[in-house]
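Undergrad: Got a structure for you, questions after.
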Amino acid sequence: MARTPTENSGQTPKDEAPGGTPSREDEILMREIDEAVRQDDTTEFFKKYGVALGGAFALLLVGMLGFWYWDSTTEAALEEESEAIISALDSVDVSDFAGADEKVAGLVETGSPGAQTTARFLQAMNALEQGETAKAVELYAAIAADPDAPQPLRDLALIREVSTNFDDREPADIIAKLEGLAVPGNEFFGSAGELVAIAHLEAGNRDEAGAMFAEISQDENIPDTLRERTRQMAGLLGVDVIDNVDELLEGQGVNQNTGAPAGAPGQ
């Protein structure tokens, strides 16, 4: 019996939201970023960890295929496409990136919209693993421009397109591409906004960068680690975003009398 895309083959995140809810996807995306990135070194993060994140994105997408496939394919076609994706991931597990590309090549040409999108994400990840940055950027750009791809994945692909060759882009290009996502309320506000803020900083727009970092740090829907990092960046740029110091210290588990972490020896 063929395995469906939602089967747990040891790779799908356990806390994935049912039905591929976009906001949950963004939450998982940001959690992966926050665990890897060093404090105040966001640009270096996108250089070092972009390739590794591609694998996490691909695994997440596989689990979401069932939601999109049922709208556009028959059950038989679903099983066939699912098997191709799962087989390609098995090849990735053993670093057979060329083999993985071959297994999803047909889906890029004739697959359903969900299968095409997932296949392109896999191919982009494989390209990065093999040092083919230009090819990966091209594939991400194709997803972002595909009107048939689910909008959350088009947005995610746009962020990946920009972050993959961030250092080779003009700041103005980065700002123009991501300004539509770098707005409060957008599912990708945190990741897109941080990239836009860095681009403003590189362009010498310190006021705009500080304002963007501050806005991210004050968004309660964004993970605390990203909020803390952007709060520090805003502070370095002269923007004070701490409304209540005592509340901040308490939230970080710091004893307000001694300055030591709560529960430290002697407390």
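Labeling convention for the structure tokens: chains A, B, ... as they appear, residues from 1 per chain, ligands from 1 in order of appearance.
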With only C-alpha atoms as the counted atoms, please give the residues lying no more than 8 Å from Glu215 in chain A, apart from itself and same-chain residues fewer than 4 positions off, as a ChimeraX atom specification.

TA: /A:184,211,219

Undergrad: With distances taken over only C-alpha atoms, which residue among A:Met212, A:Leu89, A:Leu158, A:Ile222 lies nearest Asn186 in chain A?

TA: A:Ile222

Undergrad: A:Ala209, A:Glu194, A:Asp146, A:Thr164: which is nearest Ala134 in chain A, counting only C-alpha atoms?

TA: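 Smallest distance to Ala134 in chain A is found for A:Thr164.
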
Undergrad: Would you kindly return, as JSON, numbers by chain, each protein, DNA or RNA residue with an atom no farther than 12 Å from any atom of Glu102 in chain A, considering only C-alpha atoms and excluding same-chain residues fewer than 2 positions away?

TA: {"A": [84, 85, 87, 88, 89, 91, 92, 96, 97, 98, 99, 100, 104, 105, 106, 107, 108, 109, 119, 120, 122, 123, 126]}

Undergrad: Please produce an output containing N, CA, C and O atoms for each residue in the selection, written as an mmCIF file, in the first residue's frame.

TA:
```cif
data_model
loop_
_atom_site.group_PDB
_atom_site.id
_atom_site.type_symbol
_atom_site.label_atom_id
_atom_site.label_comp_id
_atom_site.auth_asym_id
_atom_site.auth_seq_id
_atom_site.Cartn_x
_atom_site.Cartn_y
_atom_site.Cartn_z
ATOM 1 N N ALA A 84 6.400 9.381 -5.284
ATOM 2 C CA ALA A 84 7.555 10.031 -5.916
ATOM 3 C C ALA A 84 8.235 10.985 -4.938
ATOM 4 O O ALA A 84 9.471 11.028 -4.830
ATOM 5 N N ILE A 85 7.434 11.753 -4.199
ATOM 6 C CA ILE A 85 7.994 12.694 -3.229
ATOM 7 C C ILE A 85 8.711 11.948 -2.103
ATOM 8 O O ILE A 85 9.839 12.285 -1.723
ATOM 9 N N SER A 87 9.913 8.918 -2.114
ATOM 10 C CA SER A 87 11.100 8.249 -2.639
ATOM 11 C C SER A 87 12.236 9.256 -2.820
ATOM 12 O O SER A 87 13.405 8.940 -2.540
ATOM 13 N N ALA A 88 11.910 10.466 -3.271
ATOM 14 C CA ALA A 88 12.930 11.504 -3.434
ATOM 15 C C ALA A 88 13.529 11.888 -2.091
ATOM 16 O O ALA A 88 14.740 12.096 -1.967
ATOM 17 N N LEU A 89 12.695 11.970 -1.066
ATOM 18 C CA LEU A 89 13.201 12.287 0.276
ATOM 19 C C LEU A 89 14.104 11.179 0.799
ATOM 20 O O LEU A 89 15.094 11.450 1.487
ATOM 21 N N SER A 91 16.046 9.448 -1.041
ATOM 22 C CA SER A 91 17.320 9.682 -1.720
ATOM 23 C C SER A 91 18.097 10.811 -1.060
ATOM 24 O O SER A 91 19.318 10.748 -0.915
ATOM 25 N N VAL A 92 17.369 11.846 -0.638
ATOM 26 C CA VAL A 92 18.022 12.965 0.049
ATOM 27 C C VAL A 92 18.661 12.476 1.344
ATOM 28 O O VAL A 92 19.759 12.913 1.717
ATOM 29 N N ASP A 96 21.837 11.330 -2.005
ATOM 30 C CA ASP A 96 21.755 11.092 -3.447
ATOM 31 C C ASP A 96 20.885 12.186 -4.056
ATOM 32 O O ASP A 96 19.734 11.963 -4.420
ATOM 33 N N PHE A 97 21.449 13.374 -4.170
ATOM 34 C CA PHE A 97 20.669 14.527 -4.608
ATOM 35 C C PHE A 97 20.297 14.443 -6.089
ATOM 36 O O PHE A 97 19.207 14.866 -6.487
ATOM 37 N N ALA A 98 21.195 13.900 -6.893
ATOM 38 C CA ALA A 98 20.888 13.737 -8.315
ATOM 39 C C ALA A 98 19.720 12.771 -8.491
ATOM 40 O O ALA A 98 18.812 13.008 -9.309
ATOM 41 N N GLY A 99 19.737 11.690 -7.720
ATOM 42 C CA GLY A 99 18.640 10.731 -7.790
ATOM 43 C C GLY A 99 17.321 11.338 -7.349
ATOM 44 O O GLY A 99 16.269 11.069 -7.939
ATOM 45 N N ALA A 100 17.384 12.165 -6.316
ATOM 46 C CA ALA A 100 16.171 12.828 -5.836
ATOM 47 C C ALA A 100 15.603 13.751 -6.909
ATOM 48 O O ALA A 100 14.390 13.810 -7.119
ATOM 49 N N VAL A 104 11.646 13.543 -8.959
ATOM 50 C CA VAL A 104 10.591 14.568 -8.933
ATOM 51 C C VAL A 104 10.549 15.398 -10.214
ATOM 52 O O VAL A 104 9.705 16.283 -10.352
ATOM 53 N N ALA A 105 11.441 15.095 -11.163
ATOM 54 C CA ALA A 105 11.485 15.881 -12.401
ATOM 55 C C ALA A 105 10.145 15.852 -13.130
ATOM 56 O O ALA A 105 9.679 16.878 -13.650
ATOM 57 N N GLY A 106 9.516 14.677 -13.171
ATOM 58 C CA GLY A 106 8.231 14.578 -13.856
ATOM 59 C C GLY A 106 7.135 15.391 -13.186
ATOM 60 O O GLY A 106 6.249 15.923 -13.858
ATOM 61 N N LEU A 107 7.194 15.501 -11.863
ATOM 62 C CA LEU A 107 6.184 16.266 -11.140
ATOM 63 C C LEU A 107 6.276 17.750 -11.465
ATOM 64 O O LEU A 107 5.263 18.449 -11.484
ATOM 65 N N VAL A 108 7.495 18.236 -11.704
ATOM 66 C CA VAL A 108 7.667 19.654 -12.034
ATOM 67 C C VAL A 108 6.962 19.983 -13.345
ATOM 68 O O VAL A 108 6.423 21.076 -13.521
ATOM 69 N N GLU A 109 6.936 19.008 -14.250
ATOM 70 C CA GLU A 109 6.342 19.242 -15.568
ATOM 71 C C GLU A 109 4.840 18.969 -15.604
ATOM 72 O O GLU A 109 4.081 19.733 -16.205
ATOM 73 N N ALA A 119 8.036 19.616 -5.433
ATOM 74 C CA ALA A 119 9.160 19.142 -6.228
ATOM 75 C C ALA A 119 10.187 20.250 -6.434
ATOM 76 O O ALA A 119 11.399 20.018 -6.348
ATOM 77 N N ARG A 120 9.715 21.457 -6.683
ATOM 78 C CA ARG A 120 10.646 22.573 -6.866
ATOM 79 C C ARG A 120 11.382 22.907 -5.572
ATOM 80 O O ARG A 120 12.575 23.227 -5.599
ATOM 81 N N LEU A 122 12.139 20.773 -3.260
ATOM 82 C CA LEU A 122 13.135 19.714 -3.115
ATOM 83 C C LEU A 122 14.331 19.952 -4.038
ATOM 84 O O LEU A 122 15.488 19.792 -3.640
ATOM 85 N N GLN A 123 14.061 20.336 -5.277
ATOM 86 C CA GLN A 123 15.144 20.581 -6.216
ATOM 87 C C GLN A 123 15.995 21.773 -5.780
ATOM 88 O O GLN A 123 17.220 21.758 -5.939
ATOM 89 N N ASN A 126 18.219 20.565 -3.036
ATOM 90 C CA ASN A 126 19.294 19.751 -3.583
ATOM 91 C C ASN A 126 20.355 20.614 -4.250
ATOM 92 O O ASN A 126 21.560 20.340 -4.151
#
```

Undergrad: When you draw a straight line from CA of Thr230 in chain A to CA of Gly190 in chain A, how long is it in Å?

TA: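 Pair CA of Thr230 in chain A / CA of Gly190 in chain A returns 9.5 Å.
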
Undergrad: List as an mmCIF file with C-alpha atoms, in the first residue's frame the protein and nucleic acid residues near Arg154 in chain A, meaning an atom at most 6 Å away when only C-alpha atoms are counted, but skip any in the same chain fewer than 2 places from it.

TA:
```cif
data_model
loop_
_atom_site.group_PDB
_atom_site.id
_atom_site.type_symbol
_atom_site.label_atom_id
_atom_site.label_comp_id
_atom_site.auth_asym_id
_atom_site.auth_seq_id
_atom_site.Cartn_x
_atom_site.Cartn_y
_atom_site.Cartn_z
ATOM 1 C CA ILE A 143 7.597 29.045 -7.093
ATOM 2 C CA ALA A 144 7.083 32.637 -5.982
ATOM 3 C CA GLN A 151 0.019 31.578 -1.560
ATOM 4 C CA PRO A 152 1.748 30.726 1.751
ATOM 5 C CA LEU A 156 7.907 31.316 1.731
ATOM 6 C CA ALA A 157 9.684 30.786 -1.605
#
```

Undergrad: Find the residues around Arg227 in chain A up to 9 Å (only C-alpha atoms counted), leave out those fewer than 5 positions away in its own chain, and share them as a list in words.

TA: Gly190, Phe213, Ala214, Ile216, Ser217, Gln218, Asp219, Glu220, Ile222 and Gln232 of chain A

Undergrad: Would you put the residues from that selection into a file with C-alpha atoms, as a compact mmCIF listing (two decimals), in the first residue's frame?

TA:
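Result saved to result_8.txt:
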```txt
# COMPACT_ATOMS: atom_id res chain seq x y z
CA GLY A 190 9.09 38.24 11.49
CA PHE A 213 13.39 46.07 14.34
CA ALA A 214 11.28 47.82 16.98
CA ILE A 216 9.03 43.19 15.14
CA SER A 217 10.11 43.21 18.79
CA GLN A 218 6.68 44.49 19.88
CA ASP A 219 4.64 41.92 17.94
CA GLU A 220 3.38 39.38 20.48
CA ILE A 222 6.38 36.48 17.01
CA GLN A 232 18.52 44.52 20.98
```

Undergrad: Provide the CA of Gly238 in chain A to CA of Ile159 in chain A distance in Å, to one decimal place.

TA: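 CA of Gly238 in chain A sits 27.4 Å away from CA of Ile159 in chain A.
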